[in-house]
Every structure is written in structure tokens, then in C-alpha cells.
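Raw contents of protein06.csv, CSV, C-alpha atoms:
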```csv
chain,number,residue,atom,x,y,z
A,1,MET,CA,21.4,7.9,15.9
A,2,ALA,CA,20.2,4.5,14.7
A,3,GLU,CA,16.6,5.8,14.9
A,4,GLU,CA,17.1,8.5,12.3
A,5,GLY,CA,18.6,6.0,9.8
A,6,ILE,CA,15.7,3.6,10.3
A,7,ILE,CA,13.1,6.4,9.9
A,8,LYS,CA,14.8,7.2,6.5
A,9,ILE,CA,14.8,3.6,5.5
A,10,VAL,CA,11.0,3.2,6.2
A,11,GLU,CA,10.2,6.5,4.6
A,12,SER,CA,12.2,5.7,1.5
A,13,ARG,CA,9.4,3.5,0.5
A,14,VAL,CA,7.1,6.5,-0.3
A,15,MET,CA,9.3,7.6,-3.2
A,16,ALA,CA,10.1,4.0,-4.3
A,17,LEU,CA,6.4,3.1,-4.6
A,18,HIS,CA,5.5,6.5,-6.1
A,19,ASP,CA,8.1,5.8,-8.8
A,20,LYS,CA,7.3,2.1,-9.0
A,21,ASP,CA,11.1,1.6,-8.8
A,22,VAL,CA,11.8,-2.1,-8.1
A,23,GLU,CA,15.5,-1.5,-7.0
A,24,ALA,CA,14.6,1.4,-4.7
A,25,THR,CA,11.8,-0.7,-3.1
A,26,VAL,CA,14.1,-3.6,-2.2
A,27,ALA,CA,17.2,-1.4,-1.6
A,28,HIS,CA,17.1,-2.0,2.2
A,29,TYR,CA,15.8,-5.6,2.1
A,30,ALA,CA,18.2,-8.3,3.5
A,31,PRO,CA,18.6,-11.1,0.9
A,32,ASN,CA,16.8,-13.6,3.1
A,33,ILE,CA,13.9,-11.2,4.2
A,34,LEU,CA,10.9,-12.9,5.7
A,35,ILE,CA,7.7,-11.3,4.5
A,36,TYR,CA,4.1,-11.6,5.9
A,37,ASP,CA,2.4,-9.7,3.2
A,38,LEU,CA,-1.1,-8.3,2.5
A,39,ALA,CA,-1.7,-11.0,-0.1
A,40,PRO,CA,-1.2,-14.8,0.3
A,41,PRO,CA,0.8,-16.9,0.9
A,42,LEU,CA,1.1,-16.8,4.7
A,43,SER,CA,4.8,-16.1,4.4
A,44,HIS,CA,7.6,-15.9,1.9
A,45,SER,CA,11.3,-15.4,2.0
A,46,GLY,CA,13.7,-13.6,-0.2
A,47,ILE,CA,13.5,-10.7,-2.6
A,48,ASP,CA,11.1,-11.2,-5.5
A,49,ARG,CA,12.0,-8.5,-8.0
A,50,GLU,CA,10.0,-10.1,-10.8
A,51,GLY,CA,6.8,-10.4,-8.6
A,52,LEU,CA,7.2,-6.7,-7.6
A,53,ALA,CA,7.7,-5.6,-11.2
A,54,GLU,CA,4.5,-7.5,-12.2
A,55,TRP,CA,2.6,-5.9,-9.3
A,56,PHE,CA,3.7,-2.4,-10.3
A,57,LYS,CA,2.3,-3.1,-13.7
A,58,THR,CA,-1.2,-3.5,-12.2
A,59,TRP,CA,-1.2,0.1,-11.2
A,60,ASP,CA,-1.9,3.0,-13.7
A,61,GLY,CA,0.3,5.9,-12.6
A,62,PRO,CA,2.0,6.3,-9.2
A,63,ILE,CA,1.2,4.4,-6.0
A,64,GLU,CA,0.8,6.9,-3.3
A,65,LEU,CA,1.8,5.9,0.2
A,66,LYS,CA,1.2,7.8,3.4
A,67,ILE,CA,3.0,6.8,6.6
A,68,ARG,CA,1.8,7.8,10.0
A,69,ASP,CA,2.5,6.9,13.7
A,70,LEU,CA,6.0,5.7,12.8
A,71,ASP,CA,7.7,4.6,15.9
A,72,VAL,CA,11.2,3.1,16.0
A,73,THR,CA,12.9,1.1,18.8
A,74,ALA,CA,16.6,0.4,18.2
A,75,SER,CA,19.6,-1.0,19.9
A,76,GLU,CA,23.1,-1.1,18.4
A,77,ASP,CA,22.3,-4.0,16.0
A,78,VAL,CA,18.6,-4.9,16.3
A,79,ALA,CA,15.6,-2.6,15.7
A,80,PHE,CA,11.9,-2.6,14.8
A,81,ALA,CA,9.5,0.0,13.6
A,82,THR,CA,5.8,0.2,13.6
A,83,SER,CA,3.6,2.4,11.5
A,84,LEU,CA,0.2,2.7,9.8
A,85,GLN,CA,0.4,3.1,6.1
A,86,ARG,CA,-2.2,4.0,3.5
A,87,MET,CA,-1.8,3.1,-0.2
A,88,ASN,CA,-3.8,4.6,-3.0
A,89,GLY,CA,-3.7,5.0,-6.7
A,90,ASN,CA,-5.4,3.6,-9.8
A,91,LYS,CA,-5.4,-0.1,-9.7
A,92,ILE,CA,-6.1,-1.4,-13.2
A,93,GLY,CA,-9.4,-3.2,-13.4
A,94,ALA,CA,-10.4,-2.4,-9.8
A,95,PRO,CA,-13.2,-0.2,-8.8
A,96,PRO,CA,-12.1,3.3,-7.9
A,97,PRO,CA,-11.0,3.4,-4.2
A,98,ASP,CA,-14.0,5.7,-3.3
A,99,GLU,CA,-16.4,2.9,-4.1
A,100,LEU,CA,-14.6,0.7,-1.5
A,101,GLN,CA,-14.4,3.4,1.1
A,102,SER,CA,-16.7,5.5,3.1
A,103,THR,CA,-15.8,9.1,2.3
A,104,SER,CA,-17.0,10.5,5.6
A,105,GLU,CA,-13.6,12.3,6.2
A,106,ASP,CA,-11.9,14.8,4.1
A,107,ASP,CA,-9.1,12.3,3.8
A,108,LYS,CA,-8.1,10.6,0.5
A,109,PRO,CA,-9.5,7.2,0.0
A,110,GLY,CA,-7.1,4.2,0.1
A,111,LEU,CA,-6.2,1.1,2.0
A,112,TRP,CA,-4.9,1.5,5.5
A,113,PHE,CA,-2.8,-1.3,7.0
A,114,GLY,CA,-0.4,-1.9,9.9
A,115,VAL,CA,3.3,-2.3,9.1
A,116,THR,CA,6.0,-3.9,11.3
A,117,THR,CA,9.5,-3.5,10.0
A,118,CYS,CA,12.3,-5.5,11.7
A,119,LEU,CA,15.9,-4.7,11.0
A,120,GLU,CA,19.3,-6.0,11.8
A,121,ARG,CA,22.7,-4.2,11.3
A,122,ILE,CA,25.1,-6.4,9.4
A,123,ASP,CA,28.6,-5.1,8.6
A,124,GLY,CA,27.5,-1.7,9.7
A,125,GLU,CA,24.4,-1.5,7.4
A,126,TRP,CA,20.8,-1.8,8.5
A,127,GLY,CA,18.9,-4.3,6.5
A,128,ILE,CA,15.2,-5.2,6.7
A,129,VAL,CA,15.1,-8.9,7.7
A,130,HIS,CA,11.3,-9.0,8.3
A,131,GLU,CA,8.3,-7.1,7.1
A,132,HIS,CA,4.7,-7.7,8.3
A,133,GLU,CA,1.9,-5.8,6.6
A,134,SER,CA,-1.8,-6.5,7.2
A,135,THR,CA,-5.3,-5.3,7.7
A,136,PRO,CA,-7.5,-7.0,10.3
A,137,PHE,CA,-10.6,-8.9,9.2
A,138,TYR,CA,-14.2,-8.7,10.4
A,139,MET,CA,-15.2,-11.4,12.8
A,140,ASP,CA,-18.8,-11.0,12.1
A,141,GLY,CA,-18.9,-14.2,10.1
A,142,SER,CA,-18.2,-12.5,6.8
A,143,PHE,CA,-14.4,-13.0,7.1
A,144,LYS,CA,-14.0,-9.9,5.0
A,145,ALA,CA,-10.7,-8.0,5.1
A,146,ALA,CA,-11.3,-4.7,7.0
A,147,ILE,CA,-10.2,-2.5,4.1
A,148,ASP,CA,-12.4,0.4,5.2
A,149,LEU,CA,-10.7,1.2,8.5
A,150,LYS,CA,-9.1,4.5,9.2
A,151,PRO,CA,-6.7,5.3,12.1
B,1,MET,CA,20.9,-16.4,26.2
B,2,ALA,CA,18.3,-13.8,25.4
B,3,GLU,CA,16.9,-16.0,22.6
B,4,GLU,CA,15.9,-18.8,25.0
B,5,GLY,CA,14.1,-16.4,27.3
B,6,ILE,CA,12.2,-15.0,24.4
B,7,ILE,CA,11.3,-18.4,23.0
B,8,LYS,CA,9.8,-19.2,26.4
B,9,ILE,CA,7.8,-16.0,26.5
B,10,VAL,CA,6.3,-16.6,23.0
B,11,GLU,CA,5.6,-20.3,23.8
B,12,SER,CA,4.0,-19.4,27.1
B,13,ARG,CA,1.0,-18.3,25.1
B,14,VAL,CA,0.1,-21.9,24.2
B,15,MET,CA,-0.7,-22.8,27.9
B,16,ALA,CA,-2.2,-19.3,28.6
B,17,LEU,CA,-4.7,-19.7,25.7
B,18,HIS,CA,-5.4,-23.4,26.5
B,19,ASP,CA,-6.3,-22.4,30.0
B,20,LYS,CA,-8.0,-19.2,28.9
B,21,ASP,CA,-6.0,-17.5,31.6
B,22,VAL,CA,-6.2,-13.7,31.2
B,23,GLU,CA,-3.3,-12.9,33.6
B,24,ALA,CA,-1.0,-15.6,32.0
B,25,THR,CA,-1.9,-14.2,28.5
B,26,VAL,CA,-0.8,-10.7,29.4
B,27,ALA,CA,2.0,-11.6,31.8
B,28,HIS,CA,4.8,-10.5,29.4
B,29,TYR,CA,2.9,-7.5,27.8
B,30,ALA,CA,4.4,-4.1,28.5
B,31,PRO,CA,1.7,-1.8,29.9
B,32,ASN,CA,1.8,0.4,26.7
B,33,ILE,CA,1.9,-2.6,24.2
B,34,LEU,CA,0.9,-1.6,20.7
B,35,ILE,CA,-1.3,-4.3,19.1
B,36,TYR,CA,-2.1,-4.8,15.4
B,37,ASP,CA,-4.6,-7.6,15.9
B,38,LEU,CA,-6.5,-10.1,13.8
B,39,ALA,CA,-9.7,-8.2,14.5
B,40,PRO,CA,-10.4,-4.4,14.0
B,41,PRO,CA,-9.4,-1.7,14.9
B,42,LEU,CA,-6.2,-1.1,12.9
B,43,SER,CA,-4.3,-0.7,16.1
B,44,HIS,CA,-4.8,-0.4,19.8
B,45,SER,CA,-2.6,0.3,22.8
B,46,GLY,CA,-2.4,-1.1,26.3
B,47,ILE,CA,-3.6,-4.2,28.0
B,48,ASP,CA,-7.3,-4.9,27.7
B,49,ARG,CA,-8.0,-7.6,30.3
B,50,GLU,CA,-11.8,-7.1,30.1
B,51,GLY,CA,-11.8,-7.5,26.3
B,52,LEU,CA,-9.7,-10.6,26.6
B,53,ALA,CA,-11.9,-12.1,29.2
B,54,GLU,CA,-15.0,-11.5,27.0
B,55,TRP,CA,-13.2,-13.1,24.0
B,56,PHE,CA,-12.3,-16.2,26.1
B,57,LYS,CA,-16.1,-16.5,26.9
B,58,THR,CA,-16.8,-16.9,23.1
B,59,TRP,CA,-14.9,-20.3,23.1
B,60,ASP,CA,-16.4,-23.5,24.5
B,61,GLY,CA,-13.4,-25.4,26.0
B,62,PRO,CA,-9.8,-24.8,25.5
B,63,ILE,CA,-8.2,-22.7,22.7
B,64,GLU,CA,-5.5,-24.7,21.1
B,65,LEU,CA,-2.5,-22.9,19.7
B,66,LYS,CA,0.3,-24.4,17.7
B,67,ILE,CA,3.4,-22.4,17.0
B,68,ARG,CA,5.8,-23.2,14.2
B,69,ASP,CA,8.8,-21.6,12.4
B,70,LEU,CA,9.6,-19.5,15.6
B,71,ASP,CA,12.7,-17.4,14.9
B,72,VAL,CA,14.2,-15.0,17.4
B,73,THR,CA,16.6,-12.1,16.7
B,74,ALA,CA,17.9,-10.5,19.9
B,75,SER,CA,20.4,-7.9,21.0
B,76,GLU,CA,21.0,-7.0,24.6
B,77,ASP,CA,17.8,-4.9,25.0
B,78,VAL,CA,15.8,-5.1,21.8
B,79,ALA,CA,14.4,-8.3,20.1
B,80,PHE,CA,11.8,-9.6,17.7
B,81,ALA,CA,10.4,-13.0,17.0
B,82,THR,CA,8.5,-14.3,14.0
B,83,SER,CA,6.3,-17.3,13.9
B,84,LEU,CA,3.3,-18.9,12.2
B,85,GLN,CA,0.5,-19.8,14.7
B,86,ARG,CA,-2.6,-21.9,14.3
B,87,MET,CA,-5.6,-21.4,16.6
B,88,ASN,CA,-8.4,-23.9,16.9
B,89,GLY,CA,-11.2,-24.8,19.2
B,90,ASN,CA,-14.9,-24.6,19.5
B,91,LYS,CA,-16.0,-21.0,18.9
B,92,ILE,CA,-19.5,-20.6,20.2
B,93,GLY,CA,-22.0,-20.0,17.4
B,94,ALA,CA,-19.5,-20.4,14.6
B,95,PRO,CA,-19.5,-23.2,12.1
B,96,PRO,CA,-17.1,-26.0,13.1
B,97,PRO,CA,-13.6,-25.3,11.8
B,98,ASP,CA,-13.7,-28.1,9.2
B,99,GLU,CA,-16.4,-26.3,7.4
B,100,LEU,CA,-14.1,-23.4,6.9
B,101,GLN,CA,-11.1,-25.3,5.9
B,102,SER,CA,-10.1,-27.7,3.3
B,103,THR,CA,-9.2,-31.0,5.0
B,104,SER,CA,-6.7,-32.2,2.4
B,105,GLU,CA,-4.0,-32.7,5.0
B,106,ASP,CA,-3.9,-34.9,8.0
B,107,ASP,CA,-3.5,-31.7,10.0
B,108,LYS,CA,-6.1,-30.4,12.4
B,109,PRO,CA,-8.3,-27.6,11.0
B,110,GLY,CA,-7.8,-24.1,12.4
B,111,LEU,CA,-6.8,-20.6,11.5
B,112,TRP,CA,-3.2,-20.0,10.6
B,113,PHE,CA,-1.8,-16.5,10.9
B,114,GLY,CA,1.6,-14.8,11.0
B,115,VAL,CA,2.8,-13.3,14.3
B,116,THR,CA,5.5,-10.7,14.9
B,117,THR,CA,6.4,-10.2,18.5
B,118,CYS,CA,8.6,-7.2,19.4
B,119,LEU,CA,10.3,-7.0,22.8
B,120,GLU,CA,12.3,-4.6,24.9
B,121,ARG,CA,14.3,-5.3,28.0
B,122,ILE,CA,13.4,-2.8,30.7
B,123,ASP,CA,14.9,-3.1,34.1
B,124,GLY,CA,16.3,-6.5,33.2
B,125,GLU,CA,12.9,-8.0,32.2
B,126,TRP,CA,11.8,-8.6,28.6
B,127,GLY,CA,8.4,-7.1,27.8
B,128,ILE,CA,6.3,-7.4,24.7
B,129,VAL,CA,5.9,-3.8,23.4
B,130,HIS,CA,4.4,-4.7,20.1
B,131,GLU,CA,2.4,-7.7,18.7
B,132,HIS,CA,1.3,-8.0,15.1
B,133,GLU,CA,-1.0,-10.9,14.1
B,134,SER,CA,-2.6,-11.3,10.8
B,135,THR,CA,-3.8,-13.4,7.9
B,136,PRO,CA,-3.4,-12.1,4.3
B,137,PHE,CA,-6.5,-11.4,2.2
B,138,TYR,CA,-7.4,-12.5,-1.3
B,139,MET,CA,-6.8,-9.9,-3.9
B,140,ASP,CA,-9.2,-11.4,-6.3
B,141,GLY,CA,-11.9,-8.8,-5.7
B,142,SER,CA,-13.5,-10.7,-2.9
B,143,PHE,CA,-11.4,-9.0,-0.2
B,144,LYS,CA,-11.9,-12.2,1.9
B,145,ALA,CA,-9.5,-12.9,4.7
B,146,ALA,CA,-7.4,-15.9,3.6
B,147,ILE,CA,-8.4,-18.1,6.5
B,148,ASP,CA,-7.8,-21.3,4.6
B,149,LEU,CA,-4.0,-21.1,4.2
B,150,LYS,CA,-1.6,-23.6,5.5
B,151,PRO,CA,2.2,-23.1,5.9
```
Give the structure from the file, written as C-alpha cells.
Amino acid sequence: MAEEGIIKIVESRVMALHDKDVEATVAHYAPNILIYDLAPPLSHSGIDREGLAEWFKTWDGPIELKIRDLDVTASEDVAFATSLQRMNGNKIGAPPPDELQSTSEDDKPGLWFGVTTCLERIDGEWGIVHEHESTPFYMDGSFKAAIDLKP
Amino acid sequence: MAEEGIIKIVESRVMALHDKDVEATVAHYAPNILIYDLAPPLSHSGIDREGLAEWFKTWDGPIELKIRDLDVTASEDVAFATSLQRMNGNKIGAPPPDELQSTSEDDKPGLWFGVTTCLERIDGEWGIVHEHESTPFYMDGSFKAAIDLKP
């Protein structure tokens, strides 16, 4: 089943980020992947191993990723997956996550965001050709990223 | 060609928003559409005609939408489209857009965001089953939505 393969690809990110392993993180990226990322710019294309390695260095210890509500829609050669993901860990120089978050739930703190993963099967292999990750922002005039949301 | 039909569906939004026409805006939405929107919450499902009508009332005059870099990947029954979209108009009670934007280009002001549109063909008709719209946010400690980006 295509769905099972795609679930594995999306979930492989949990270990890749935990280990801050650049090659594992980009293992299923198509060379020309189009990324709408959490951070600017609006979009970028291609695999940026150096940028990823630099970003990993801004974390002390593992980056923990939790994936929920993962849903895959696949045909023979085109597929997309939606999920909510939560990232947490010790970002160097940043306030501890619990200062950013309300701690009203017995859930770990961390940043929740929506993820859309779009894939194409080329020469029999699924590759991620587009990844879109984001949090909403508050439309109360503050234009603050809504980093305190929970699903 | 599936691609042409999907381009028309994505582009139909320009007129629908211009006319602030609720039915035209949701015409290609699947009933159970999953939306990761610009505004909170993290995700919501289904078509909210009332919410859309309320949102339209917060604009004085037409909402202008520009779509660029539209790219469609389609198989027989599953497809996705990526694009950058810019919204502008007179939001009631908000500062004029040019106070939010740098005006270094001879481009109109407005909010640019990334859009991923995921579709499924059910009973021969393409329906949007997932829509993801977002701007990035600044990771400089301000957590401000990056509403001043240009492609």
C-alpha cells in the first residue's frame, strides 16, 4: 500500500530530528523540493544541507517531534499527507518552552504547527516534492505567530 | 488535462474573493475539507459559510487576490497545487496596508502567503480536500508573523 510507505516517510522525521541527522532528515526530499517553512523566506527550493546543519547546532540535545492526526491520500504516483506536529527541545539562547506556553494541560510544552507533505513517485520511489509547515497568526492587530496553540 | 481543470479551480478564488461571494468561494471545497488557515485555530474541518460571510463583512469593498508561481501536480484522482498569493483591500478598522509594508517596489502592498491546495477526484469531480495557507514567522525572538515578505 502506498499509504503505509508514506506514513513511514513522514514518521521517519521523528528519529531524524531526534538524532539531528542531516542526511536522514533530507533522505526522502526530491532534489527540487519546494518548501514553505516556519521561518522566512516565503518559499525556497532545493535541499539546504548546510542550513539544516546550522539549525541543528542551535539546539542543545535532541529535537523532539510528536506527530498526530496524520492522514494520507495517495494514488499510484501522487500523494499528500496532513498532520499536526509538535517540536520541543532546548533551543540555545531561547527562553525555556514553558515560558512561551500555557501549561494548563499535562502535555509537554512545545510548538505545534500544521504540516502538509506532498509526494510524487518517480522511478518507483516516493519523494517529497513539497513541504508546507506553519502556525497561524493572531489577527488581533498584534500579528504575533500563534505559538501557544494546542490541537 | 487534469492540470488545466485544477488551475481553473485555484484561480476561481480571485473572482470569488473580489465579489466576496460565499458560495463561489466554497464551490470546490469537499464537505469535509481540512483547513490550516492564516488565523487560528491550528486546524478546522468542514465548510464554514457563516464564518466566511462574517469575515467578508470586515472588508470595505473588494478583496483583491493575486496568484503567482502556481504549480500543479496531478494524477488521475489525486492532485496538489502550490502558489504564492497576495491579498489586499480595505480591512475595516485596520491600518492601511502601506503602513504595514515596505513600499520599496512598484508593487501594490498586501499580505503575501504560501498556499497548498490538495484535491481528490470523487465521482469525476475535483474537490479541495485540504487547504493550507500561511506566512512564516520571524525567529528573532519577536515571534511576529512575517507579513512584510515579498516573493
Find the residues around Ile147 in chain A up to 7 Å (all atoms listed in the file counted), leave out those fewer than 2 positions away in its own chain, and share them as a list in words. Leu111, Trp112, Thr135, Ala145 and Leu149 of chain A
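Distances to chain A were evaluated for B:Arg49, B:His28, B:His44, B:Lys57 using all atoms listed in the file, and the minimum falls at B:His44.
For chain A placed onto chain B with an all-Cα least-squares superposition, the residual RMSD comes to 0.1 Å.
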Write out as a CSV table (one decimal) with C-alpha atoms, in the coordinates of the input which residues come within 9 Å of Arg13 in chain A when counting all atoms listed in the file, dropping same-chain ones fewer than 2 positions away.
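Below is the file that was written, part.csv:
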```csv
chain,number,residue,atom,x,y,z
A,8,LYS,CA,14.8,7.2,6.5
A,9,ILE,CA,14.8,3.6,5.5
A,10,VAL,CA,11.0,3.2,6.2
A,11,GLU,CA,10.2,6.5,4.6
A,15,MET,CA,9.3,7.6,-3.2
A,16,ALA,CA,10.1,4.0,-4.3
A,17,LEU,CA,6.4,3.1,-4.6
A,18,HIS,CA,5.5,6.5,-6.1
A,24,ALA,CA,14.6,1.4,-4.7
A,25,THR,CA,11.8,-0.7,-3.1
A,26,VAL,CA,14.1,-3.6,-2.2
A,65,LEU,CA,1.8,5.9,0.2
```
Protein, DNA and RNA residues within 10 Å of (21.1, -9.3, 20.0), only C-alpha atoms, as a ChimeraX atom specification: /A:75-79,120 /B:1-3,72-80
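The coordinates place CA of Pro136 in chain A at 7.3 Å from CA of Pro41 in chain B.
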For each of A:Glu64, A:Asp37, A:Glu54, A:Asp140, take the minimum atom-to-atom distance to chain B, counting all atoms listed in the file, then give the residue where this is smallest. A:Asp37
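Counting all atoms listed in the file, the residue from B:Val22, B:Ile122, B:Ile7, B:Leu38 that sits nearest to chain A is B:Leu38.
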Counting all atoms listed in the file, select every polymer residue within 12 Å of (-16.0, -11.5, 5.7) as defined in the file's coordinates, and provide the selection as a list of chain:residue names. A:Pro136, A:Phe137, A:Tyr138, A:Met139, A:Asp140, A:Gly141, A:Ser142, A:Phe143, A:Lys144, A:Ala145, A:Ala146, A:Ile147, B:Ala39, B:Phe137, B:Tyr138, B:Ser142, B:Phe143, B:Lys144, B:Ala145, B:Ala146, B:Ile147
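Nearest residue to chain B, choosing from A:Ala53, A:Met87, A:Val14, A:Leu34 and counting all atoms listed in the file: A:Leu34.
Taking CA of Phe56 in chain B and CA of Asn32 in chain B as the two end points, the separation is 21.8 Å.
Atom pair CA of Gly46 in chain A / CA of Glu131 in chain A has a distance of 11.2 Å (rounded to one decimal).
Closest approach to chain A from the set B:Ile47, B:Ile63, B:Ala94, B:Ile128 is made by B:Ala94, with distances taken over only C-alpha atoms.
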Looking at A:Leu42, A:Leu52, A:Ala27, A:Ile6, which one is nearest to chain B, with distances taken over all atoms listed in the file? A:Leu42
